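Everything on this sheet refers to the single structure shown next.
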Amino acid sequence: MITPLPFRMHSIAAALFFLAASTVFSAQPGASTAAPQQGDEIAHAVKEGDTLEGLARSYLANPRQWPLLQARNKVADPRRLQPGSLIFIPVRLQPSESATVQFVQGEATAQARGSSTPAPIATGSKLEEGTELKVGPESFVAVQLADGTVVRVQAQSELQLRQLRRRGRAGSVQSVLEMHKGGVESTVPPSAEPQRRMEIRTPLAVTSVRGTQFSVALADSGQTTASVEHGSVAVQSRRDTDSEPGAALKAPTALLAPGQGLAVATDGTVGAARALLPAPDTSGMPTTLGDAGLLAIDLPMAAGATRYVAQVAQDPAFTQVLRHGSFPDGRLRWKALDDGRYYLAVRALDDAGIAGLPAVQPFTVKT
C-alpha cells in the first residue's frame with residue numbers, strides 16, 4: 001500500500017542542490033578525508049583567496065571560530081588553502097533556526113531532541129532542530145520553516161527536522177528533513193539566494209529541489225517515489241551520499257523535469273524517469289454535495305491508474321487538509337463535513353506507485 005501523497009503547491013520553489021559541480025574535488029592537504037554524514041557537514045570547495053577565518057565569518061557568523069574549522073580539517077596553514085580542495089563545515093556550528101506549526105488536524109505529536117516523551121502540538125507551536133513529528137491516522141500537519149517554506153506532513157507520517165540552520169548571520173536557510181514513514185510536500189517561496197538548501201530524505205534517497213513543485217512519499221515496502229509538477233528535482237541514492245566524501249558536490253543520479261517522476265527501489269537503485277499520469281477527469285463532479293452523513297465523490301478511473309490518492313482542504317493552497325485517503329477506484333468516500341466551501345485534489349498512481357498530475361476542483365457542502 002502506498003501512503004497518500006501530497007497534491008499541489010502554488011509557489012515556485014527555489015532550493016540549493018549542490019549539483020553545479022560535477023568535478024570530484026581533491027582533499028585539502030593534511031585535511032581529514034573521512035566521509036562525513038551529509039547534512040551534518042557542508043563540503044565547501046575552496047576558491048582562490050579563501051581563508052579559514054573568512055569561511056568562519058561566512059558560514060558560522062563568527063570569524064573567531066576558525067580554529068574549530070582548522071581542527072576539523074587538520075589544516076596546517078589557515079591562511080593558505082588549496083583552491084579546488086574541500087573544507088568540511090560542521091553544521092552544528094552554524095546559527096540555528098526554528099519552525100512554526102501552521103495547522104494541525106487530528107492527532108500529532110512532537111518529540112524534541114533530548115526528550116524522552118512526545119507532546120501534542122498545536123497551531124503556533126515552535127519546533128527546534130532535531131524534533132521528531134508523528135502524525136496519526138486521519139491527521140495532517142503544516143509546518144513553516146524560517147525561510148517561509150511550508151512543509152505539509154501527511155497522515156501516518158514520521159518526520160524529523162534534522163537540520164534547521166542558517167548560513168552566517170543573515171544568509172541562506174539550510175533545511176534537511178528526514179522522512180521515516182509516510183509522505184510530505186514542500187512549497188518553497190522564490191528567492192534570489194543561490195545557496196538556500198532544501199532536502200527531503202528517506203532511507204533510500206536524497207531529494208533536493210530547485211524551482212519546483214514536487215511530492216515525495218515512502219511506501220510500506222520501503223520504496224521511495226518522487227514526482228514533479230513544475231521545475232526540477234534532483235535525486236541521489238543514499239548509498240552514494242552517505243558513503244562518499246563531498247558526494248553532494250557531484251551531479252545527481254537523476255534529474256527530473258516537469259511532468260516526470262521516478263521510483264527508488266528497496267535496494268537503493270534509482271529508476272528511470274517516466275512521464276506522470278495525466279490529471280483525473282473531475283468534469284462530471286457536482287459543484288454542490290448535500291449528503292449529511294457521507295462525503296461521497298465518484299470519478300471515472302484514468303487509463304493506467306492503479307488507484308487514486310485524494311485530499312479535501314478548506315483552502316486552495318492545501319495547507320488546511322481535513323480529509324485524505326487512498327482509493328482502489330474512483331469511489332472517494334469520507335465521513336461528512338460541515339457546510340462550507342472546500343477543495344478536492346486527486347491524483348492517479350501508476351504501476352510503480354508514482355503520483356501523477358493533480359486535478360483540483362472546488363465544491364460546496366450544503367446539506
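Residues in the C-alpha cells are numbered from 1 in each chain, the chains being A, B, ... in the order shown, and ligands are numbered from 1 in the order shown.
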
Self-check item: Close residues, Pro358 of chain A itself excluded, 9 Å, only C-alpha atoms, min 5 positions apart in chain, as a list in words
Solution: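 Using only C-alpha atoms, the neighbours found are Phe7, Arg8, Glu229, Pro278, Ala279, Pro280, Ala345, Val346, Arg347 and Ala348 of chain A.
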
Proximity of segment 142-249 of chain A to segment 103-116 of chain A: per-residue shortest pair, 10 Å limit, only C-alpha atoms, as CSV:
```
residue,atom,partner,partner_atom,distance
A:Ala142,CA,A:Phe103,CA,5.1
A:Val143,CA,A:Phe103,CA,7.2
A:Gln144,CA,A:Phe103,CA,9.5
A:Arg152,CA,A:Phe103,CA,9.2
A:Val153,CA,A:Val104,CA,9.8
A:Ala155,CA,A:Gly106,CA,9.2
A:Gln156,CA,A:Ala108,CA,9.4
A:Ser157,CA,A:Ala108,CA,9.6
A:Glu158,CA,A:Thr109,CA,9.9
A:Leu159,CA,A:Ala110,CA,9.6
A:Gln160,CA,A:Gln111,CA,9.3
A:Leu161,CA,A:Ala112,CA,9.7
A:Arg162,CA,A:Arg113,CA,9.8
```

Store the residues picked out above, limited to C-alpha atoms, as a CSV table (one decimal), in the first residue's frame.
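This went into out11.csv:
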```csv
chain,number,residue,atom,x,y,z
A,142,ALA,CA,1.6,22.0,8.1
A,143,VAL,CA,4.9,23.5,9.3
A,144,GLN,CA,6.6,26.7,8.2
A,152,ARG,CA,2.9,19.6,4.7
A,153,VAL,CA,3.1,16.3,6.6
A,155,ALA,CA,-1.4,11.2,7.7
A,156,GLN,CA,0.5,8.3,9.3
A,157,SER,CA,3.9,10.0,8.7
A,158,GLU,CA,7.0,10.3,10.8
A,159,LEU,CA,9.4,13.1,10.0
A,160,GLN,CA,12.5,14.6,11.7
A,161,LEU,CA,13.6,18.2,11.3
A,162,ARG,CA,17.2,17.1,11.1
```

Report as a PDB file with N, CA and C atoms, in the first residue's frame all protein, DNA and RNA residues lying within 9 Å of segment 288-291 of chain A, evaluated on only C-alpha atoms, omitting residues in the same chain fewer than 6 positions from it.
```
ATOM      1  N   ILE A 297     -17.734  11.156  -3.488  1.00  0.00           N
ATOM      2  CA  ILE A 297     -17.401  11.703  -4.792  1.00  0.00           C
ATOM      3  C   ILE A 297     -17.016  10.548  -5.708  1.00  0.00           C
ATOM      4  N   ALA A 336     -18.640  12.809   6.750  1.00  0.00           N
ATOM      5  CA  ALA A 336     -19.191  14.083   6.277  1.00  0.00           C
ATOM      6  C   ALA A 336     -18.453  15.284   6.850  1.00  0.00           C
ATOM      7  N   ASP A 339     -21.190  22.181   6.538  1.00  0.00           N
ATOM      8  CA  ASP A 339     -21.486  23.011   5.377  1.00  0.00           C
ATOM      9  C   ASP A 339     -20.380  24.038   5.165  1.00  0.00           C
ATOM     10  N   PHE A 363     -15.620  22.764  -4.448  1.00  0.00           N
ATOM     11  CA  PHE A 363     -17.004  22.317  -4.312  1.00  0.00           C
ATOM     12  C   PHE A 363     -17.578  22.861  -3.013  1.00  0.00           C
ATOM     13  N   THR A 364     -18.877  22.776  -2.887  1.00  0.00           N
ATOM     14  CA  THR A 364     -19.592  23.271  -1.717  1.00  0.00           C
ATOM     15  C   THR A 364     -20.360  22.139  -1.065  1.00  0.00           C
ATOM     16  N   VAL A 365     -20.325  22.073   0.242  1.00  0.00           N
ATOM     17  CA  VAL A 365     -21.174  21.155   1.002  1.00  0.00           C
ATOM     18  C   VAL A 365     -22.330  21.955   1.568  1.00  0.00           C
ATOM     19  N   LYS A 366     -23.538  21.555   1.204  1.00  0.00           N
ATOM     20  CA  LYS A 366     -24.749  22.212   1.700  1.00  0.00           C
ATOM     21  C   LYS A 366     -25.787  21.152   1.916  1.00  0.00           C
ATOM     22  N   THR A 367     -25.936  20.760   3.177  1.00  0.00           N
ATOM     23  CA  THR A 367     -26.843  19.654   3.487  1.00  0.00           C
ATOM     24  C   THR A 367     -28.239  20.177   3.672  1.00  0.00           C
TER      25      THR A 367
END
```

Quiz item: Please, which residues of segment 123-224 of chain A, numbered as in this document, come out strand (DSSP E or B) from DSSP, as a PyMOL selection string?
Solution: chain A and resi 126-128+132-135+140-144+150-153+157-166+173-187+197-201+205-218+224

Output C-alpha atoms of each residue in that selection to a file, as a PDB file, in the first residue's frame.
```pdb
ATOM      1  CA  LYS A 126       7.666  26.288  17.873  1.00  0.00           C
ATOM      2  CA  LEU A 127       9.747  23.310  16.761  1.00  0.00           C
ATOM      3  CA  GLU A 128      13.520  23.186  17.164  1.00  0.00           C
ATOM      4  CA  GLU A 132      10.577  14.312  15.513  1.00  0.00           C
ATOM      5  CA  LEU A 133       6.987  14.689  14.302  1.00  0.00           C
ATOM      6  CA  LYS A 134       4.475  11.849  14.325  1.00  0.00           C
ATOM      7  CA  VAL A 135       1.154  12.366  12.550  1.00  0.00           C
ATOM      8  CA  PHE A 140      -2.416  16.387   8.977  1.00  0.00           C
ATOM      9  CA  VAL A 141       0.199  18.975   9.958  1.00  0.00           C
ATOM     10  CA  ALA A 142       1.573  22.023   8.126  1.00  0.00           C
ATOM     11  CA  VAL A 143       4.911  23.459   9.328  1.00  0.00           C
ATOM     12  CA  GLN A 144       6.575  26.698   8.226  1.00  0.00           C
ATOM     13  CA  VAL A 150       5.765  25.282   4.101  1.00  0.00           C
ATOM     14  CA  VAL A 151       6.094  21.542   4.721  1.00  0.00           C
ATOM     15  CA  ARG A 152       2.855  19.554   4.666  1.00  0.00           C
ATOM     16  CA  VAL A 153       3.114  16.302   6.599  1.00  0.00           C
ATOM     17  CA  SER A 157       3.866  10.006   8.680  1.00  0.00           C
ATOM     18  CA  GLU A 158       7.031  10.284  10.763  1.00  0.00           C
ATOM     19  CA  LEU A 159       9.408  13.146  10.008  1.00  0.00           C
ATOM     20  CA  GLN A 160      12.490  14.556  11.734  1.00  0.00           C
ATOM     21  CA  LEU A 161      13.565  18.190  11.346  1.00  0.00           C
ATOM     22  CA  ARG A 162      17.162  17.051  11.080  1.00  0.00           C
ATOM     23  CA  GLN A 163      18.713  20.366  10.109  1.00  0.00           C
ATOM     24  CA  LEU A 164      17.372  23.895  10.660  1.00  0.00           C
ATOM     25  CA  ARG A 165      20.336  26.221  10.237  1.00  0.00           C
ATOM     26  CA  ARG A 166      21.308  29.491   8.592  1.00  0.00           C
ATOM     27  CA  VAL A 173      18.490  28.831   5.331  1.00  0.00           C
ATOM     28  CA  GLN A 174      19.750  25.239   5.229  1.00  0.00           C
ATOM     29  CA  SER A 175      16.951  22.707   5.830  1.00  0.00           C
ATOM     30  CA  VAL A 176      17.180  18.908   5.815  1.00  0.00           C
ATOM     31  CA  LEU A 177      14.123  16.778   6.604  1.00  0.00           C
ATOM     32  CA  GLU A 178      14.425  13.063   7.326  1.00  0.00           C
ATOM     33  CA  MET A 179      11.280  11.097   6.471  1.00  0.00           C
ATOM     34  CA  HIS A 180      10.921   7.713   8.167  1.00  0.00           C
ATOM     35  CA  LYS A 181       7.347   6.986   7.122  1.00  0.00           C
ATOM     36  CA  GLY A 182       4.523   8.452   5.032  1.00  0.00           C
ATOM     37  CA  GLY A 183       4.555  11.402   2.661  1.00  0.00           C
ATOM     38  CA  VAL A 184       5.348  15.121   2.579  1.00  0.00           C
ATOM     39  CA  GLU A 185       5.117  18.053   0.222  1.00  0.00           C
ATOM     40  CA  SER A 186       7.059  21.315   0.354  1.00  0.00           C
ATOM     41  CA  THR A 187       6.297  24.761  -1.015  1.00  0.00           C
ATOM     42  CA  ARG A 197      19.209  24.323   0.668  1.00  0.00           C
ATOM     43  CA  MET A 198      16.130  22.140   0.968  1.00  0.00           C
ATOM     44  CA  GLU A 199      16.393  18.359   1.090  1.00  0.00           C
ATOM     45  CA  ILE A 200      13.886  15.625   1.845  1.00  0.00           C
ATOM     46  CA  ARG A 201      15.459  12.291   2.668  1.00  0.00           C
ATOM     47  CA  ALA A 205      17.165   8.555  -1.406  1.00  0.00           C
ATOM     48  CA  VAL A 206      18.032  12.239  -1.083  1.00  0.00           C
ATOM     49  CA  THR A 207      15.645  14.521  -2.989  1.00  0.00           C
ATOM     50  CA  SER A 208      16.747  18.130  -3.463  1.00  0.00           C
ATOM     51  CA  VAL A 209      14.736  20.815  -5.193  1.00  0.00           C
ATOM     52  CA  ARG A 210      15.279  23.921  -7.270  1.00  0.00           C
ATOM     53  CA  GLY A 211      12.368  25.986  -8.653  1.00  0.00           C
ATOM     54  CA  THR A 212       9.995  23.083  -8.124  1.00  0.00           C
ATOM     55  CA  GLN A 213       6.525  21.875  -7.207  1.00  0.00           C
ATOM     56  CA  PHE A 214       7.073  18.291  -6.104  1.00  0.00           C
ATOM     57  CA  SER A 215       5.970  15.399  -3.918  1.00  0.00           C
ATOM     58  CA  VAL A 216       7.861  12.622  -2.132  1.00  0.00           C
ATOM     59  CA  ALA A 217       6.408   9.500  -0.496  1.00  0.00           C
ATOM     60  CA  LEU A 218       7.681   6.404   1.255  1.00  0.00           C
ATOM     61  CA  THR A 224      10.624   5.944  -2.362  1.00  0.00           C
TER      62      THR A 224
END
```

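For the choices A:Gly148, A:Ala122, A:Leu60, A:Gln65, the atom-to-atom distance to Ala99 of chain A is smallest for A:Gly148 when using only C-alpha atoms.
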
Quiz prompt | Residue set, segment 161-292 of chain A restricted to alpha helix (DSSP H), as a list in words | solution =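 After running DSSP on the backbone, segment 161-292 of chain A has alpha helix (DSSP H) at Arg238, Arg239, Asp240 and Thr241 of chain A.
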
Convert the current residue selection to file output with N, CA, C and O atoms, as a short mmCIF file (atom, residue, chain, number, x, y, z; two decimals), in the first residue's frame.
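Just written: out-v3.cif:
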```
data_model
loop_
_atom_site.label_atom_id
_atom_site.label_comp_id
_atom_site.auth_asym_id
_atom_site.auth_seq_id
_atom_site.Cartn_x
_atom_site.Cartn_y
_atom_site.Cartn_z
N ARG A 238 20.90 7.10 -1.40
CA ARG A 238 21.59 7.25 -0.11
C ARG A 238 22.86 6.40 -0.07
O ARG A 238 23.77 6.68 0.71
N ARG A 239 22.94 5.37 -0.89
CA ARG A 239 24.16 4.56 -0.94
C ARG A 239 25.36 5.43 -1.32
O ARG A 239 26.47 5.22 -0.85
N ASP A 240 25.10 6.42 -2.21
CA ASP A 240 26.19 7.29 -2.68
C ASP A 240 26.45 8.43 -1.71
O ASP A 240 27.59 8.71 -1.34
N THR A 241 25.39 9.12 -1.27
CA THR A 241 25.57 10.32 -0.47
C THR A 241 26.08 10.02 0.93
O THR A 241 26.74 10.85 1.55
#
```

Quiz item: Leaving out Ala275 of chain A and any residue of its chain fewer than 4 positions from it, which residues lie within 9 Å of it when counting only C-alpha atoms, given as a list in words?
Solution: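 Near neighbours after the sequence-gap exclusion: Pro258, Gly259, Gln260, Gly261, Leu262 and Gly356 of chain A.
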
Quiz item: Could you state the separation of atom CA of Gly136 of chain A and atom CA of Ser227 of chain A in Å, given to one decimal place?
Solution: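 Computed distance, atom CA of Gly136 of chain A to atom CA of Ser227 of chain A, equals 24.1 Å.
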
Quiz prompt | d(atom CA of Met301 of chain A, atom CA of Leu349 of chain A) in Å | solution =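 About the pair atom CA of Met301 of chain A and atom CA of Leu349 of chain A: they are 10.9 Å apart.
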
Practice problem: Might you pull out every residue within 10 Å of Gln311 of chain A, with only C-alpha atoms counted and same-chain residues fewer than 2 positions away left off, and present them as number ranges by chain? | Solution: A: 4-7, 154, 309, 313, 318, 321-326, 332, 343-347, 360

Quiz item: When you draw a straight line from atom CA of Lys74 of chain A to atom CA of Ala43 of chain A, how long is it in Å?
Solution: 14.6 Å

Practice problem: Rank A:Leu277, A:Ala76, A:Ala317, A:Ala45 by their smallest atom-to-atom distance to Gly304 of chain A, using only C-alpha atoms, and report the top residue only. | Solution: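 When distances to Gly304 of chain A are compared using only C-alpha atoms, the smallest one comes from A:Leu277.
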
Practice problem: Excluding Pro328 of chain A and any residue of its chain fewer than 5 positions from it, enumerate the residues within 7 Å of it, using only C-alpha atoms, and give them as an MDAnalysis selection string. | Solution: chainID A and resid 306:308

Quiz item: Val101 of chain A: which residues within 6 Å, counting only C-alpha atoms, same-chain residues fewer than 4 positions away excluded, as a PyMOL selection string?
Solution: chain A and resi 123-125+143

Take the residues just selected and output them with all heavy atoms as an mmCIF file, in the first residue's frame.
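Final output, again05.cif:
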```cif
data_model
loop_
_atom_site.group_PDB
_atom_site.id
_atom_site.type_symbol
_atom_site.label_atom_id
_atom_site.label_comp_id
_atom_site.auth_asym_id
_atom_site.auth_seq_id
_atom_site.Cartn_x
_atom_site.Cartn_y
_atom_site.Cartn_z
ATOM 1 N N THR A 123 -1.421 24.695 16.720
ATOM 2 C CA THR A 123 -1.087 25.791 15.830
ATOM 3 C C THR A 123 -0.329 26.875 16.599
ATOM 4 O O THR A 123 -0.723 27.268 17.689
ATOM 5 C CB THR A 123 -2.364 26.392 15.210
ATOM 6 O OG1 THR A 123 -3.037 25.365 14.474
ATOM 7 C CG2 THR A 123 -2.035 27.545 14.284
ATOM 8 N N GLY A 124 0.792 27.311 16.027
ATOM 9 C CA GLY A 124 1.625 28.305 16.681
ATOM 10 C C GLY A 124 2.782 27.732 17.465
ATOM 11 O O GLY A 124 3.664 28.479 17.907
ATOM 12 N N SER A 125 2.821 26.412 17.669
ATOM 13 C CA SER A 125 3.916 25.782 18.404
ATOM 14 C C SER A 125 5.244 25.985 17.675
ATOM 15 O O SER A 125 5.296 25.954 16.448
ATOM 16 C CB SER A 125 3.666 24.283 18.571
ATOM 17 O OG SER A 125 2.496 24.034 19.298
ATOM 18 N N VAL A 143 3.840 22.809 8.572
ATOM 19 C CA VAL A 143 4.911 23.459 9.328
ATOM 20 C C VAL A 143 5.607 24.475 8.435
ATOM 21 O O VAL A 143 5.920 24.178 7.279
ATOM 22 C CB VAL A 143 5.930 22.418 9.834
ATOM 23 C CG1 VAL A 143 7.097 23.101 10.525
ATOM 24 C CG2 VAL A 143 5.257 21.430 10.777
#
```

Self-check item: For Gly268 of chain A, the nearest of the candidates A:Ser96, A:Thr131, A:Gln70, A:Gln223, counting only C-alpha atoms
Solution: A:Gln223

Quiz prompt | Minimum-distance residue to Val228 of chain A, chosen among A:Ala305, A:Leu86, A:Ile354, A:Val91 (using only C-alpha atoms) | solution = A:Ile354
